[in-house]
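S.K.: Below are the structure tokens for one structure; questions will follow.
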Amino acid sequence: MRTTSLNRLAGAIALLGAVLPAPIAQATPSHGIAMQGEPALPADFDHLGFVNPDAPQGGTMRYGVYGTFDNLNPVIVRGALTTARGIWFDKEFGNLVFEPLMQRSPEEPFTMYGLLAETVETDAERTFVEFQLNPRATFSDGKPVRPKDVLFTVEMLREHGRPFYANWLRPAVKIEKVGEHGVRFTFDETATRETPLLIAGLPVLPEHAFDRETFEHTTLEPVIGSGPYVIADVKPGQQITYRKNPDYWGRDLPMKQGIDNYDAIVIDYYRDANAQFEAFKKGNTYVYNEGGPTVTGDPSHWETAYDFPAAQDGRVVKETFEAGTPALTMGFIFNTRRPIFADRNVRKALSMLFDFEWANRNLYYDAYGRTGSFFQDSELSALGVPASEGETALLAPYADAVDPEVMEGTYKPTVSDGSGADRQVMRGALGLFKQAGYSLQGGQMVGPYGRPLSFEILAQTPMQERLALSYKRTLGRLGISVSVRQVDDSQYQARKNTFDYDMIVGAYTSSLSPGAEQVYRWGSISKDLQGTFNYAGVADPAVDAMIDAMVNARSREDFVTAVRAYDRVLISGHYMVPLFYLPKQRLARWNFVKHPEATPLYGYQLPSFWLER
């Protein structure tokens with residue numbers, strides 16, 4: 001009897017073991033965290049692969065930027081558009097004053113390595129993240145960086161920070177100090193795999209150096225941070241000077257080798273783009289970023305403006321760099337909140353009528369490539385690639401969301417004969433207009449309710465106006481009435497933020513790790529949320545579903561699958577008239593400005609440059 005009972009008990013235990021899930025692996029602290037997979041660098045790495053760890057130190061770097069500033073607190077809503085460059089979250093100049101818990105590597109799609117946080121810990125489901133602060137970390141006034149500073153930062157960002165900070169932090173339902181140096185964030189079910197990395201990218205502000213009562217106010221008093229530089233001099237709206245902190249706590253960290261090589265950095269502000277370039281020509285600033293296809297840049301400048309002596313005799317060097325990131329996505333953006341742009345066939349027809357070949361040759365010295373994807377020239381692009389089985393499965397519930405040629409990988413933007421009046425293209429567009437209920441009547445394109453098709457393109461700069469006028473001429477040949485209005489910057493920003501336009505010229509930067517930011521570009525919840533980047537007014541369940549799949553992907557393979565499916569949905573929505581991009585980054589520099597031989601995945605990195613005189 002006893003033997004039989006024991007056998008039954010053993011069988012029951014075995015059966016229970018078969019049906020219960022395997023034990024979850026114990027989370028352990030790590031030196032880094034990746035969006036998918038593991039960090040590429042080992043725990044004992046001593047510097048990033050692209051830098052020159054023996055770069056000469058010293059000298060004063062001088063940058064020139066367009067615009068003005070009246071605020072030194074870069075995280076608050078007030079003054080968000082007029083904060084001095086370089087203090088924090090600056091893609092060109094780095095984080096000079098404030099630092100994040102962990103630093104992003106420009107050599108990997110999305111991996112963070114320790115900075116203020118010595119280690120990071122999370123579980124397989126990423127239901128929490130715990131950071132252990134580096135005990136050596138101090139602010140520039142010598143006071144230590146403590147867990148209470150992290151808690152203070154979270155409080156201020158939630159109450160007074162820019163909206164994306166609150167979005168990053170929303171899943172954190174519990175934040176607590178753990179031990180002497182630890183901070184733990186526990187998440188609810190709204191967290192994604194990206195959430196721990198977004199929080200790792202938060203700045204840490206010194207509680208002792210800010211007043212809670214006045215935190216939300218703009219300030220021109222130098223702020224205190226933990227970064228390699230301190231604010232040495234401020235001339236509001238004109239110039240800000242940073243001086244290297246000789247007691248910077250992190251100078252020996254692996255992430256800081258070959259980085260921040262100057263004794264001082266001066267950033268001069270210019271209200272006029274011509275004045276900014278003239279300052280560079282005279283040697284008052286040392287690098288000039290030829291931004292290419294931006295909403296304000298002019299690519300012909302690269303071909304025509306470098307006929308001055310310093311460029312001719314080699315003292316000024318023009319260089320191009322190849323990055324592995326998606327190209328900038330630029331286009332005429334339809335405001336689909338307007339009834340005239342509600343029909344996808346109308347948007348597709350209008351997109352066909354932009355004559356890229358004419359504009360590229362006559363306006364831009366054939367400098368551009370044609371944009372066809374929201375992740376152009378990267379592994380994330382669906383352009384020219386048939387949908388995989390994984391993509392097909394993701395898109396199956398949304399059969400009407402993707403054009404057949406986009407699924408098949410045969411889609412490409414319309415190619416014209418470059419005349420500005422390609423009859424074959426116009427016939428194709430006219431067919432789409434007819435499907436939408438339009439017809440040509442007395443030389444006008446008249447809609448299903450008897451109203452002529454007409455709209456306004458809102459322009460911000462003379463370059464945009466010139467481009468819009470060339471588009472207007474082509475549309476006029478099919479009886480489409482277009483007006484072009486250029487307004488000053490303040491009016492443009494106000495109308496853009498309130499979606500008060502028919503069509504604008506817009507641009508979106510992209511990375512190899514698109515994620516939560518896409519919700520505020522194309523997600524349904526941002527359609528009517530003023531101040532977001534959903535300029536097109538998109539509210540599409542297929543878009544929302546692909547974003548969800550993207551942020552919850554665990555492997556790089558699944559992530560690429562989700563992003564390509566997402567790209568197909570956006571392409572097929574025809575939410576913008578795709579324009580153009582520069583295949584390579586362009587930078588001009590004085591020849592005493594040097595840089596590493598290698599270019600990382602995200603392109604050249606100004607903080608890794610140095611001076612040699």
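Each chain of the structure tokens is named A, B, ... in the order shown, its residues numbered from 1; ligands are numbered from 1 in display order.
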As a list in words, please: the residues near stretch 141-157 of chain A (cut-off 7 Å, only C-alpha atoms, same-chain neighbours under 2 positions excluded).
M.R.: Ala137, Thr138, Phe139, Glu159, His160, Gly161, Tyr165, Ala166, Lys177, His181, Gly182, Val183, Val204, Leu205, Pro206 and Glu207 of chain A
S.K.: Could those residues be written to a file, using N, CA and C atoms, as a CSV table (one decimal), in the first residue's frame?
M.R.:
```
chain,number,residue,atom,x,y,z
A,137,ALA,N,30.0,58.8,-8.7
A,137,ALA,CA,29.3,59.8,-9.5
A,137,ALA,C,29.0,61.1,-8.6
A,138,THR,N,29.4,62.2,-9.1
A,138,THR,CA,29.2,63.5,-8.4
A,138,THR,C,28.7,64.5,-9.4
A,139,PHE,N,28.0,65.5,-8.8
A,139,PHE,CA,27.6,66.7,-9.6
A,139,PHE,C,28.8,67.6,-9.7
A,159,GLU,N,5.7,66.2,-13.4
A,159,GLU,CA,4.9,67.3,-13.2
A,159,GLU,C,5.1,68.5,-14.2
A,160,HIS,N,6.4,68.7,-14.6
A,160,HIS,CA,6.7,69.8,-15.4
A,160,HIS,C,7.5,69.5,-16.7
A,161,GLY,N,7.8,68.3,-16.9
A,161,GLY,CA,8.7,67.9,-18.0
A,161,GLY,C,7.9,67.9,-19.3
A,165,TYR,N,8.5,62.7,-21.7
A,165,TYR,CA,9.1,62.2,-20.5
A,165,TYR,C,7.9,61.5,-19.7
A,166,ALA,N,6.8,62.2,-19.6
A,166,ALA,CA,5.7,61.6,-18.9
A,166,ALA,C,5.2,60.3,-19.5
A,177,LYS,N,13.8,53.5,-3.6
A,177,LYS,CA,15.2,53.3,-3.4
A,177,LYS,C,15.5,51.9,-2.9
A,181,HIS,N,22.6,52.6,-3.0
A,181,HIS,CA,22.8,53.3,-4.3
A,181,HIS,C,21.8,52.9,-5.4
A,182,GLY,N,20.8,52.1,-5.1
A,182,GLY,CA,19.9,51.5,-6.1
A,182,GLY,C,18.6,52.3,-6.2
A,183,VAL,N,18.0,52.2,-7.4
A,183,VAL,CA,16.7,52.7,-7.6
A,183,VAL,C,16.0,51.7,-8.5
A,204,VAL,N,19.6,62.9,-14.8
A,204,VAL,CA,19.5,62.9,-13.4
A,204,VAL,C,19.8,64.3,-12.9
A,205,LEU,N,18.8,65.0,-12.3
A,205,LEU,CA,19.0,66.4,-11.8
A,205,LEU,C,19.3,66.4,-10.4
A,206,PRO,N,20.1,67.4,-9.9
A,206,PRO,CA,20.4,67.5,-8.5
A,206,PRO,C,19.3,68.1,-7.7
A,207,GLU,N,18.8,67.4,-6.8
A,207,GLU,CA,17.7,67.9,-6.0
A,207,GLU,C,18.1,69.2,-5.2
```
S.K.: Assign secondary structure with DSSP using the backbone only, and return the residues of stretch 161-309 of chain A in alpha helix (DSSP H) as a list in words.
M.R.: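 Matching residues for alpha helix (DSSP H) in stretch 161-309 of chain A are Pro163, Phe164, Tyr165, Ala166, Asn167, Trp168, Leu169, Thr195, Pro196, Leu197, Leu198, Ile199, Ala200, Ala273, Asn274, Ala275, Gln276, Phe277, Glu278, Ala279, Phe280, Lys281, Ser300, His301, Trp302, Glu303, Thr304 and Pro309 of chain A.
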S.K.: Got a sec: who's within 9 Å of A:Glu597, counting only C-alpha atoms, leaving out chain neighbours fewer than 5 positions off, as a list in words?
M.R.: Phe50, Val51 and Asn52 of chain A
S.K.: Could you check the closest approach to A:Pro246 for each of A:Pro228, A:Gly291, A:Pro299, A:Gly331 and tell me which residue wins, using only C-alpha atoms?
M.R.: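 Among the listed residues, the smallest separation from A:Pro246 belongs to A:Pro228.
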S.K.: Residues of stretch 8-233 of chain A in strand (DSSP E or B) according to DSSP, as an MDAnalysis selection string?
M.R.: chainID A and resid 30 32:34 60:66 71 76 83 100 102:104 111:114 117:122 128:133 138 144 161 172:178 182:187 203 229:233
S.K.: Which one is closest to A:Phe559: A:Ser510, A:Gly515, A:Tyr288, A:Glu216? Count only C-alpha atoms.
M.R.: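 Ranking A:Ser510, A:Gly515, A:Tyr288, A:Glu216 by distance to A:Phe559, first place goes to A:Gly515.
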S.K.: With distances taken over only C-alpha atoms, which residue among A:Asn134, A:Ser572, A:Thr461, A:Asn95 lies nearest A:Tyr411?
M.R.: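 Closest to A:Tyr411 of all the choices is A:Ser572.
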S.K.: Report as an mmCIF file with N, CA and C atoms, in the first residue's frame all protein, DNA and RNA residues lying within 7 Å of A:Asn591, evaluated on only C-alpha atoms, omitting residues in the same chain fewer than 3 positions from it.
M.R.:
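Saved file out.cif follows:
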```cif
data_model
loop_
_atom_site.group_PDB
_atom_site.id
_atom_site.type_symbol
_atom_site.label_atom_id
_atom_site.label_comp_id
_atom_site.auth_asym_id
_atom_site.auth_seq_id
_atom_site.Cartn_x
_atom_site.Cartn_y
_atom_site.Cartn_z
ATOM 1 N N ARG A 315 42.276 74.644 -46.539
ATOM 2 C CA ARG A 315 42.110 74.925 -45.106
ATOM 3 C C ARG A 315 40.715 74.553 -44.615
ATOM 4 N N VAL A 316 39.746 74.573 -45.506
ATOM 5 C CA VAL A 316 38.401 74.075 -45.212
ATOM 6 C C VAL A 316 38.182 72.806 -46.029
ATOM 7 N N VAL A 317 37.734 71.755 -45.364
ATOM 8 C CA VAL A 317 37.581 70.434 -45.976
ATOM 9 C C VAL A 317 36.104 70.080 -46.051
#
```
S.K.: Would you mind listing what lies within 6 Å of stretch 123-128 of chain A as a list in words, with only C-alpha atoms counted and same-chain residues fewer than 6 positions away left out?
M.R.: Ala27, Phe185, Thr186 and Phe187 of chain A
S.K.: Can you work out which one of A:Ala327, A:Ala553, A:Val560, A:Met102 has the shortest atom-to-atom distance to A:Tyr602, counting only C-alpha atoms?
M.R.: A:Ala327
S.K.: Between A:Asn261, A:Ser140, A:Thr83, A:Thr561, which is the closest to A:Glu389 once you count only C-alpha atoms?
M.R.: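 Ranking A:Asn261, A:Ser140, A:Thr83, A:Thr561 by distance to A:Glu389, first place goes to A:Thr561.
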S.K.: List the spatial neighbours of A:Leu601 as a list in words - criterion: any atom at most 12 Å away, only C-alpha atoms, same-chain residues fewer than 6 positions off excluded.
M.R.: Gly49, Phe50, Ser105, Pro106, Glu107, Glu108, Pro109, Phe110, Phe321, Glu322, Ala323, Gly324, Thr325, Pro326, Ser378, Ser511 and Leu512 of chain A
S.K.: Can you pull out every residue within 8 Å of stretch 352-361 of chain A, counting only C-alpha atoms, but drop anything in the same chain fewer than 5 positions away, and send it as a list of chain:residue names?
M.R.: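 That gives A:Asp366, A:Ala367, A:Tyr368, A:Arg370, A:Pro413, A:Thr414, A:Val415, A:Ser416, A:Asp417, A:Gly418, A:Ser419, A:Gly420, A:Val425, A:Met426, A:Ala429, A:Leu467, A:Ser470, A:Tyr471, A:Thr474, A:Leu475, A:Val577, A:Leu579, A:Phe580.
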S.K.: Mind giving me the straight-line distance from atom CA of A:Gly537 to atom CA of A:Val505 in Å, one decimal?
M.R.: 14.6 Å
S.K.: So how many Å separate atom CA of A:Thr28 and atom CA of A:Ala117, to one decimal?
M.R.: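 Between these atoms lies a distance of 14.6 Å.
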S.K.: Which residue, A:Tyr501, A:Phe533, A:Phe375, A:Tyr581, has the smallest gap to A:Tyr566 when you use only C-alpha atoms?
M.R.: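 Comparing A:Tyr501, A:Phe533, A:Phe375, A:Tyr581 against A:Tyr566, the winner is A:Phe375.
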S.K.: Rounded to one decimal, what separation in Å do you get between atom CA of A:Tyr248 and atom CA of A:Phe93?
M.R.: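 Distance between the two atoms: 17.6 Å.
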